[in-house]
$ cat run.cif   # mmCIF, C-alpha atoms
data_coords
loop_
_atom_site.label_atom_id
_atom_site.label_comp_id
_atom_site.auth_asym_id
_atom_site.auth_seq_id
_atom_site.Cartn_x
_atom_site.Cartn_y
_atom_site.Cartn_z
CA MET A 20 70.61 94.49 114.00
CA ALA A 21 68.65 97.72 114.47
CA VAL A 22 70.85 98.49 117.48
CA LEU A 23 73.82 98.90 115.14
CA PHE A 24 72.36 102.09 113.73
CA GLN A 25 72.20 103.88 117.09
CA ARG A 26 75.62 105.42 116.62
CA GLU A 27 77.81 106.99 119.24
CA CYS A 28 81.28 108.52 119.05
CA ARG A 29 83.53 110.06 121.68
CA ILE A 30 86.69 112.04 120.94
CA THR A 31 89.28 112.88 123.60
CA VAL A 32 92.23 115.12 122.81
CA GLY A 33 94.89 115.66 125.45
CA ALA A 34 93.65 112.99 127.84
CA ALA A 35 95.67 112.26 130.96
CA LEU A 36 97.84 109.25 130.12
CA GLY A 37 100.42 108.72 132.84
CA ALA A 38 100.45 112.36 133.92
CA ILE A 39 98.04 115.22 134.52
CA ARG A 40 97.17 116.97 131.27
CA THR A 41 94.37 119.34 130.36
CA GLY A 42 92.24 117.89 127.59
CA LEU A 43 88.94 118.14 125.80
CA ARG A 44 86.34 115.38 125.56
CA VAL A 45 83.62 115.63 122.90
CA GLU A 46 80.55 113.38 122.97
CA LYS A 47 77.40 115.16 121.82
CA HIS A 48 78.63 116.94 118.71
CA ARG A 49 78.58 115.59 115.19
CA CYS A 50 81.82 113.69 114.57
CA ALA A 51 83.19 112.25 111.33
CA PHE A 52 86.36 110.16 111.24
CA ARG A 53 88.64 108.03 109.09
CA VAL A 54 91.10 105.67 110.77
CA GLU A 55 93.63 103.62 108.80
CA LYS A 56 95.52 100.73 110.41
CA THR A 57 97.89 98.08 109.10
CA SER A 58 99.54 95.01 110.61
CA LYS A 59 102.89 96.10 109.14
CA PRO A 60 105.42 98.16 111.14
CA GLU A 61 104.39 101.48 109.67
CA PRO A 62 102.48 104.32 111.35
CA ASN A 63 98.71 104.18 111.56
CA LYS A 64 96.79 107.42 111.08
CA ALA A 65 93.49 109.10 111.78
CA ALA A 66 91.67 112.22 110.65
CA LEU A 67 88.47 113.48 112.20
CA GLN A 68 86.13 116.44 112.04
CA VAL A 69 84.11 117.78 114.94
CA TYR A 70 81.22 120.11 114.21
CA ASN A 71 80.24 123.28 116.03
CA LEU A 72 82.40 123.34 119.10
CA SER A 73 82.00 126.52 121.12
CA ARG A 74 84.55 129.31 120.74
CA GLU A 75 86.04 128.30 124.09
CA GLN A 76 86.27 124.64 123.08
CA ARG A 77 87.92 125.51 119.78
CA ALA A 78 90.48 127.65 121.58
CA GLN A 79 91.10 124.89 124.13
CA ILE A 80 91.70 122.17 121.55
CA GLU A 81 93.85 124.39 119.35
CA GLU A 82 96.02 125.25 122.35
CA LEU A 83 96.95 121.56 122.47
CA ARG A 84 98.51 121.74 119.00
CA PRO A 85 102.06 120.32 119.25
CA LYS A 86 104.81 122.89 119.46
CA LYS A 87 108.32 122.54 118.05
CA GLY A 88 110.57 120.82 120.56
CA ASP A 89 107.78 119.08 122.50
CA ALA A 90 109.18 115.86 123.92
CA ARG A 91 105.83 114.27 124.64
CA GLY A 92 102.95 113.72 122.24
CA VAL A 93 99.42 114.93 122.88
CA PRO A 94 97.16 111.85 122.82
CA VAL A 95 94.11 111.58 120.57
CA LEU A 96 91.57 108.90 121.49
CA ILE A 97 88.67 107.90 119.23
CA GLU A 98 85.91 105.63 120.53
CA ALA A 99 82.91 104.49 118.49
CA GLY A 100 79.98 102.17 119.02
CA TYR A 101 76.27 102.02 119.70
CA LYS A 102 73.95 103.28 122.42
CA GLU A 103 72.94 99.84 123.66
CA THR A 104 76.29 98.06 123.35
CA GLY A 105 78.62 100.89 124.37
CA LEU A 106 81.78 102.39 122.94
CA ALA A 107 85.04 100.70 121.98
CA GLN A 108 88.43 102.25 121.32
CA ILE A 109 89.27 102.32 117.62
CA PHE A 110 92.33 104.60 117.70
CA LEU A 111 94.90 106.07 120.05
CA GLY A 112 97.72 108.18 118.67
CA ASP A 113 99.53 111.50 118.90
CA LEU A 114 98.13 114.81 117.73
CA ARG A 115 99.71 116.07 114.49
CA THR A 116 97.68 119.19 113.92
CA VAL A 117 94.33 120.80 114.68
CA TYR A 118 92.56 123.75 113.09
CA SER A 119 89.05 125.18 112.79
CA LYS A 120 87.29 126.91 109.94
CA ARG A 121 83.78 128.02 109.14
CA GLU A 122 81.82 126.38 106.32
CA GLY A 123 78.40 127.94 105.85
CA ALA A 124 76.57 127.80 109.17
CA ASP A 125 79.02 125.28 110.66
CA TRP A 126 82.32 125.57 112.47
CA ILE A 127 84.35 122.46 111.63
CA THR A 128 87.39 121.51 113.71
CA THR A 129 89.77 119.12 111.96
CA VAL A 130 92.12 116.91 113.98
CA GLU A 131 94.87 114.79 112.42
CA SER A 132 96.77 112.15 114.37
CA GLY A 133 99.46 109.51 113.83
CA ASP A 134 100.30 106.37 115.78
CA GLY A 135 103.94 105.26 115.88
CA GLU A 136 105.41 108.10 113.83
CA ALA A 137 107.91 109.20 116.49
CA ALA A 138 109.11 105.60 116.88
CA LYS A 139 110.53 105.64 113.34
CA LEU A 140 112.97 108.36 114.43
CA SER A 141 114.02 106.73 117.71
CA SER A 142 117.49 105.37 118.43
CA ILE A 143 119.08 102.94 120.86
CA THR A 144 122.54 102.35 122.32
CA GLN A 145 122.66 99.24 124.48
CA ALA A 146 124.98 96.25 124.90
CA TYR A 147 124.26 92.85 126.47
CA GLY A 148 126.38 89.84 127.29
CA PRO A 149 125.93 86.34 125.82
CA GLN A 150 122.89 84.25 126.77
CA THR A 151 120.77 87.35 127.31
CA SER A 152 117.10 86.51 127.74
CA PRO A 153 115.03 87.80 124.78
CA ASP A 154 112.56 89.66 126.98
CA VAL A 155 115.37 91.83 128.39
CA ALA A 156 116.50 92.88 124.92
CA LEU A 157 112.93 93.20 123.65
CA ARG A 158 111.88 95.49 126.47
CA ALA A 159 114.96 97.65 125.92
CA ILE A 160 114.10 98.13 122.25
CA VAL A 161 110.45 98.86 123.00
CA LYS A 162 111.47 101.42 125.61
CA ALA A 163 113.77 103.09 123.07
CA LEU A 164 110.88 103.20 120.60
CA GLY A 165 108.93 105.21 123.18
CA ILE A 166 105.82 103.02 123.01
CA GLY A 167 103.87 100.79 125.38
CA GLU A 168 104.86 97.15 125.98
CA GLY A 169 101.59 95.78 124.59
CA ASN A 170 101.72 91.98 124.63
CA VAL A 171 105.48 91.72 125.27
CA ALA A 172 105.02 89.68 128.46
CA ALA A 173 102.95 86.98 126.74
CA ILE A 174 105.35 86.73 123.80
CA ALA A 175 108.43 86.60 126.05
CA ALA A 176 106.84 83.75 128.03
CA ARG A 177 106.19 81.85 124.80
CA LEU A 178 109.78 82.36 123.64
CA ARG A 179 111.03 80.87 126.90
CA THR A 180 108.79 77.80 126.70
CA THR A 181 109.68 77.08 123.07
CA GLY A 182 113.41 77.06 123.70
CA ALA A 183 114.16 80.48 122.29
CA ALA A 184 115.12 81.93 125.65
CA THR A 185 118.64 82.73 124.44
CA LEU A 186 118.41 84.34 121.03
CA PHE A 187 121.74 85.99 121.70
CA THR A 188 124.40 83.30 122.09
CA LYS A 189 127.08 85.96 121.71
CA ARG A 190 127.36 89.51 122.99
CA ALA A 191 124.54 91.68 121.58
CA VAL A 192 125.01 95.33 120.75
CA PHE A 193 122.12 97.59 119.76
CA SER A 194 123.22 100.87 118.24
CA GLY A 195 121.32 103.07 115.82
CA SER A 196 117.70 102.95 114.74
CA ALA A 197 115.48 101.28 117.36
CA TYR A 198 112.91 100.79 114.61
CA GLU A 199 115.35 98.72 112.52
CA HIS A 200 116.57 96.76 115.55
CA MET A 201 112.96 95.87 116.35
CA THR A 202 112.48 94.58 112.81
CA HIS A 203 115.66 92.46 113.05
CA PHE A 204 114.67 91.11 116.48
CA ALA A 205 111.19 90.18 115.28
CA ARG A 206 112.55 88.39 112.23
CA SER A 207 115.05 86.35 114.27
CA ALA A 208 112.37 85.42 116.80
CA GLY A 209 109.81 84.41 114.17
CA LEU A 210 107.52 87.34 114.94
CA GLU A 211 105.56 90.02 113.11
CA TRP A 212 105.42 93.43 114.77
CA SER A 213 103.48 96.66 114.49
CA ILE A 214 102.42 99.58 116.64
CA GLN A 215 98.75 99.62 117.57
CA ASP A 216 97.21 102.33 119.75
CA GLY A 217 100.54 103.47 121.15
CA ALA A 218 101.85 100.01 122.07
CA ILE A 219 103.75 97.24 120.34
CA GLN A 220 101.79 94.31 118.93
CA LEU A 221 103.69 91.05 118.41
CA ILE A 222 102.29 88.02 116.58
CA ASP A 223 103.94 84.72 115.72
CA GLN A 224 104.63 84.60 111.99
CA GLY A 225 101.78 82.90 110.19
CA LYS A 226 99.47 83.20 113.21
CA THR A 227 96.71 85.60 114.25
CA LEU A 228 96.38 87.91 117.26
CA ALA A 229 95.39 85.84 120.29
CA GLY A 230 92.11 86.65 122.00
CA PHE A 231 90.38 88.43 119.12
CA ALA A 232 88.16 87.03 116.38
CA THR A 233 85.29 88.37 114.31
CA ARG A 234 82.57 86.14 112.88
CA LEU A 235 81.07 87.98 109.94
CA SER A 236 77.95 87.21 107.94
CA PRO A 237 75.05 89.17 106.40
CA SER A 238 73.20 88.87 109.71
CA SER A 239 76.14 90.15 111.81
CA GLY A 240 77.13 93.29 109.91
CA LEU A 241 78.52 92.25 106.52
CA ILE A 242 77.79 94.88 103.87
CA GLY A 243 77.66 93.90 100.20
CA THR A 244 79.57 91.05 98.59
CA PRO A 245 83.16 90.17 99.55
CA THR A 246 85.71 89.91 96.73
CA ILE A 247 89.08 88.21 96.30
CA ASP A 248 91.70 89.68 93.97
CA PRO A 249 94.13 87.67 91.79
CA LYS A 250 96.70 87.72 94.62
CA GLY A 251 94.23 86.13 97.03
CA VAL A 252 93.55 89.27 99.06
CA LEU A 253 90.04 89.41 100.46
CA SER A 254 88.20 92.75 100.55
CA CYS A 255 84.99 93.16 102.49
CA GLN A 256 82.98 95.81 104.28
CA MET A 257 81.11 95.60 107.57
CA LEU A 258 79.36 97.77 110.08
CA ILE A 259 81.65 99.07 112.83
CA GLN A 260 82.12 96.50 115.59
CA PRO A 261 84.61 96.32 118.49
CA SER A 262 86.18 92.90 117.84
CA VAL A 263 87.99 94.00 114.67
CA LYS A 264 91.78 94.28 115.17
CA VAL A 265 94.48 94.20 112.53
CA GLY A 266 96.28 90.89 112.77
CA SER A 267 93.20 89.15 114.19
CA LEU A 268 91.08 86.32 112.83
CA LEU A 269 88.11 86.97 110.56
CA VAL A 270 85.67 84.08 110.10
CA LEU A 271 83.66 84.94 106.99
CA GLU A 272 80.33 83.30 106.28
CA SER A 273 78.72 84.56 103.09
CA ALA A 274 77.25 83.04 99.94
CA ALA A 275 80.20 84.34 97.87
CA VAL A 276 83.12 83.65 100.23
CA ARG A 277 83.54 81.46 103.28
CA GLY A 278 86.54 80.65 105.43
CA ASN A 279 89.14 81.95 107.88
CA TYR A 280 91.19 85.05 107.10
CA LYS A 281 93.81 87.19 108.82
CA ILE A 282 93.08 90.92 108.83
CA GLN A 283 96.08 92.77 107.37
CA ARG A 284 94.62 96.24 106.90
CA ALA A 285 91.46 97.98 108.09
CA THR A 286 89.91 101.39 107.53
CA TRP A 287 87.20 102.77 109.80
CA GLU A 288 84.92 105.46 108.36
CA GLY A 289 82.15 106.98 110.41
CA ASP A 290 79.86 109.98 110.65
CA THR A 291 77.38 110.24 113.49
CA TYR A 292 75.09 112.35 111.26
CA GLY A 293 75.93 110.87 107.86
CA ILE A 294 75.94 107.66 105.85
CA PRO A 295 79.35 106.09 106.56
CA TRP A 296 79.60 103.78 109.56
CA TYR A 297 81.68 100.85 108.44
CA ILE A 298 85.04 99.11 108.38
CA GLN A 299 86.73 98.22 105.11
CA VAL A 300 89.00 95.18 105.58
CA GLU A 301 91.77 93.57 103.57
CA ALA A 302 92.70 90.07 104.68
CA THR A 303 94.61 86.97 103.59
CA ARG A 304 93.62 83.32 103.86
CA TYR A 305 94.43 81.71 107.20
#
$ encode --input "run.cif" --output "structure tokens"
Amino acid sequence: MAVLFQRECRITVGAALGAIRTGLRVEKHRCAFRVEKTSKPEPNKAALQVYNLSREQRAQIEELRPKKGDARGVPVLIEAGYKETGLAQIFLGDLRTVYSKREGADWITTVESGDGEAAKLSSITQAYGPQTSPDVALRAIVKALGIGEGNVAAIAARLRTTGAATLFTKRAVFSGSAYEHMTHFARSAGLEWSIQDGAIQLIDQGKTLAGFATRLSPSSGLIGTPTIDPKGVLSCQMLIQPSVKVGSLLVLESAAVRGNYKIQRATWEGDTYGIPWYIQVEATRY
């Protein structure tokens, strides 16, 4: 496991995502970050500090600070990993604010970002006739939310094969908060939804995110002793690893706790020059 201590972090602010945009990529400076994600439909968030950018770099990144009336968010991408195994994306959101200040001999640039915040304010006005296919309505709501389609295609295909291809037996009218309409749609279709890295994530109720699982033990990154609170919520800490996704399966193998769990909340804390380099997870039995 020695490889896990060869830390690497890359920060990109203002990356080109769908259009040409001037941005700044930081790889060799000291970076510290905290990323908080949940499987519930509420915004995720990230805060990071970059040490000792040049005067030109500080000016460049501060120029990207959102201005009142901007219709399009400035993306913030955080990748973390290890020299031998490479980097993995741990966060993608929109820039909230950025500022620099001097502390002793260091210039510290602070960047704050949110994921899915604009979606809470979005609205939709759309009407469909009876027997409308769920993927048509679902894509319309997601478009109104202003986020990526994520795993919509896979979920729509499953709805069709399980006989839920016509959720709307009568005329359907969507008017008002797209966020609330997404919640109502998910409930009626037996789904859980959230926004992860700028795109919608849909999971069948009571299931885990397909294609992702983390097997965790003392030999594969588990730190300390896992605990379970009176409500049955598991808390554990591990070294940063790329397979961890909220909503995904966690297979825990420790002397204190063993079994399958669904990750409901995760917090990444890292510092390329400091002590933190772990993920704190809350999960429920699966």
$ resolve_selection --input "run.cif" --expression "the PyMOL selection byres ((chain A and resi 64-69) around 9)" --output "PyMOL selection string"
chain A and resi 30+45+48-56+62-63+70-72+97+110-112+126-135
$ write_last_selection --input "run.cif" --atoms "C-alpha atoms" --output "tab-separated table (two decimals), keeping the file's coordinate frame"
chain	number	residue	atom	x	y	z
A	30	ILE	CA	86.69	112.04	120.94
A	45	VAL	CA	83.62	115.63	122.90
A	48	HIS	CA	78.63	116.94	118.71
A	49	ARG	CA	78.58	115.59	115.19
A	50	CYS	CA	81.82	113.69	114.57
A	51	ALA	CA	83.19	112.25	111.33
A	52	PHE	CA	86.36	110.16	111.24
A	53	ARG	CA	88.64	108.03	109.09
A	54	VAL	CA	91.10	105.67	110.77
A	55	GLU	CA	93.63	103.62	108.80
A	56	LYS	CA	95.52	100.73	110.41
A	62	PRO	CA	102.48	104.32	111.35
A	63	ASN	CA	98.71	104.18	111.56
A	70	TYR	CA	81.22	120.11	114.21
A	71	ASN	CA	80.24	123.28	116.03
A	72	LEU	CA	82.40	123.34	119.10
A	97	ILE	CA	88.67	107.90	119.23
A	110	PHE	CA	92.33	104.60	117.70
A	111	LEU	CA	94.90	106.07	120.05
A	112	GLY	CA	97.72	108.18	118.67
A	126	TRP	CA	82.32	125.57	112.47
A	127	ILE	CA	84.35	122.46	111.63
A	128	THR	CA	87.39	121.51	113.71
A	129	THR	CA	89.77	119.12	111.96
A	130	VAL	CA	92.12	116.91	113.98
A	131	GLU	CA	94.87	114.79	112.42
A	132	SER	CA	96.77	112.15	114.37
A	133	GLY	CA	99.46	109.51	113.83
A	134	ASP	CA	100.30	106.37	115.78
A	135	GLY	CA	103.94	105.26	115.88
$ residues_near_point --input "run.cif" --point "(77.6, 98.8, 105.5)" --cutoff "6 Å" --atoms "all atoms listed in the file" --output "MDAnalysis selection string"
chainID A and resid 242 257:258 297
$ closest_residue --input "run.cif" --among "A:Ala138, A:Ile166, A:Leu96, A:Leu178" --to "A:Ala197" --atoms "all atoms listed in the file"
A:Ala138
$ resolve_selection --input "run.cif" --expression "the PyMOL selection byres ((chain A and resi 206-209) around 8)" --output "list in words"
Leu178, Ala183, Leu186, Thr202, His203, Phe204, Ala205, Leu210, Glu211, Asp223 and Gln224 of chain A
$ resolve_selection --input "run.cif" --expression "the PyMOL selection byres ((chain A and resi 236) around 9)" --output "PyMOL selection string"
chain A and resi 234-235+237-242+257+270-273
$ write_last_selection --input "run.cif" --atoms "C-alpha atoms" --output "mmCIF file, in the frame of the given file"
data_model
loop_
_atom_site.group_PDB
_atom_site.id
_atom_site.type_symbol
_atom_site.label_atom_id
_atom_site.label_comp_id
_atom_site.auth_asym_id
_atom_site.auth_seq_id
_atom_site.Cartn_x
_atom_site.Cartn_y
_atom_site.Cartn_z
ATOM 1 C CA ARG A 234 82.570 86.140 112.880
ATOM 2 C CA LEU A 235 81.070 87.980 109.940
ATOM 3 C CA PRO A 237 75.050 89.170 106.400
ATOM 4 C CA SER A 238 73.200 88.870 109.710
ATOM 5 C CA SER A 239 76.140 90.150 111.810
ATOM 6 C CA GLY A 240 77.130 93.290 109.910
ATOM 7 C CA LEU A 241 78.520 92.250 106.520
ATOM 8 C CA ILE A 242 77.790 94.880 103.870
ATOM 9 C CA MET A 257 81.110 95.600 107.570
ATOM 10 C CA VAL A 270 85.670 84.080 110.100
ATOM 11 C CA LEU A 271 83.660 84.940 106.990
ATOM 12 C CA GLU A 272 80.330 83.300 106.280
ATOM 13 C CA SER A 273 78.720 84.560 103.090
#
$ residues_around --input "run.cif" --residues "stretch 275-288 of chain A" --least-positions-apart "3" --cutoff "9 Å" --atoms "all atoms listed in the file" --output "MDAnalysis selection string"
chainID A and resid 51:59 109 226:228 244:247 253 259 263:272 295:305
$ write_last_selection --input "run.cif" --atoms "C-alpha atoms" --output "JSON list (two decimals), keeping the file's coordinate frame"
[["chain", "number", "residue", "atom", "x", "y", "z"],
["A", 51, "ALA", "CA", 83.19, 112.25, 111.33],
["A", 52, "PHE", "CA", 86.36, 110.16, 111.24],
["A", 53, "ARG", "CA", 88.64, 108.03, 109.09],
["A", 54, "VAL", "CA", 91.10, 105.67, 110.77],
["A", 55, "GLU", "CA", 93.63, 103.62, 108.80],
["A", 56, "LYS", "CA", 95.52, 100.73, 110.41],
["A", 57, "THR", "CA", 97.89, 98.08, 109.10],
["A", 58, "SER", "CA", 99.54, 95.01, 110.61],
["A", 59, "LYS", "CA", 102.89, 96.10, 109.14],
["A", 109, "ILE", "CA", 89.27, 102.32, 117.62],
["A", 226, "LYS", "CA", 99.47, 83.20, 113.21],
["A", 227, "THR", "CA", 96.71, 85.60, 114.25],
["A", 228, "LEU", "CA", 96.38, 87.91, 117.26],
["A", 244, "THR", "CA", 79.57, 91.05, 98.59],
["A", 245, "PRO", "CA", 83.16, 90.17, 99.55],
["A", 246, "THR", "CA", 85.71, 89.91, 96.73],
["A", 247, "ILE", "CA", 89.08, 88.21, 96.30],
["A", 253, "LEU", "CA", 90.04, 89.41, 100.46],
["A", 259, "ILE", "CA", 81.65, 99.07, 112.83],
["A", 263, "VAL", "CA", 87.99, 94.00, 114.67],
["A", 264, "LYS", "CA", 91.78, 94.28, 115.17],
["A", 265, "VAL", "CA", 94.48, 94.20, 112.53],
["A", 266, "GLY", "CA", 96.28, 90.89, 112.77],
["A", 267, "SER", "CA", 93.20, 89.15, 114.19],
["A", 268, "LEU", "CA", 91.08, 86.32, 112.83],
["A", 269, "LEU", "CA", 88.11, 86.97, 110.56],
["A", 270, "VAL", "CA", 85.67, 84.08, 110.10],
["A", 271, "LEU", "CA", 83.66, 84.94, 106.99],
["A", 272, "GLU", "CA", 80.33, 83.30, 106.28],
["A", 295, "PRO", "CA", 79.35, 106.09, 106.56],
["A", 296, "TRP", "CA", 79.60, 103.78, 109.56],
["A", 297, "TYR", "CA", 81.68, 100.85, 108.44],
["A", 298, "ILE", "CA", 85.04, 99.11, 108.38],
["A", 299, "GLN", "CA", 86.73, 98.22, 105.11],
["A", 300, "VAL", "CA", 89.00, 95.18, 105.58],
["A", 301, "GLU", "CA", 91.77, 93.57, 103.57],
["A", 302, "ALA", "CA", 92.70, 90.07, 104.68],
["A", 303, "THR", "CA", 94.61, 86.97, 103.59],
["A", 304, "ARG", "CA", 93.62, 83.32, 103.86],
["A", 305, "TYR", "CA", 94.43, 81.71, 107.20]]
$ atom_distance --input "run.cif" --atom1 "atom CA of A:Arg179" --atom2 "atom CA of A:Ile219"
19.1 Å
$ closest_residue --input "run.cif" --among "A:Leu164, A:Leu106, A:Cys28, A:Ala274" --to "A:Gln260" --atoms "only C-alpha atoms"
A:Leu106
$ residues_around --input "run.cif" --residues "A:His200" --least-positions-apart "5" --cutoff "12 Å" --atoms "all atoms listed in the file" --output "list in words"
Ala138, Lys139, Ser141, Ser142, Ile143, Thr144, Gln145, Ala156, Leu157, Arg158, Ala159, Ile160, Val161, Ala163, Leu164, Ala191, Val192, Phe193, Ser194, Gly195, Ala205, Arg206, Ser207 and Trp212 of chain A
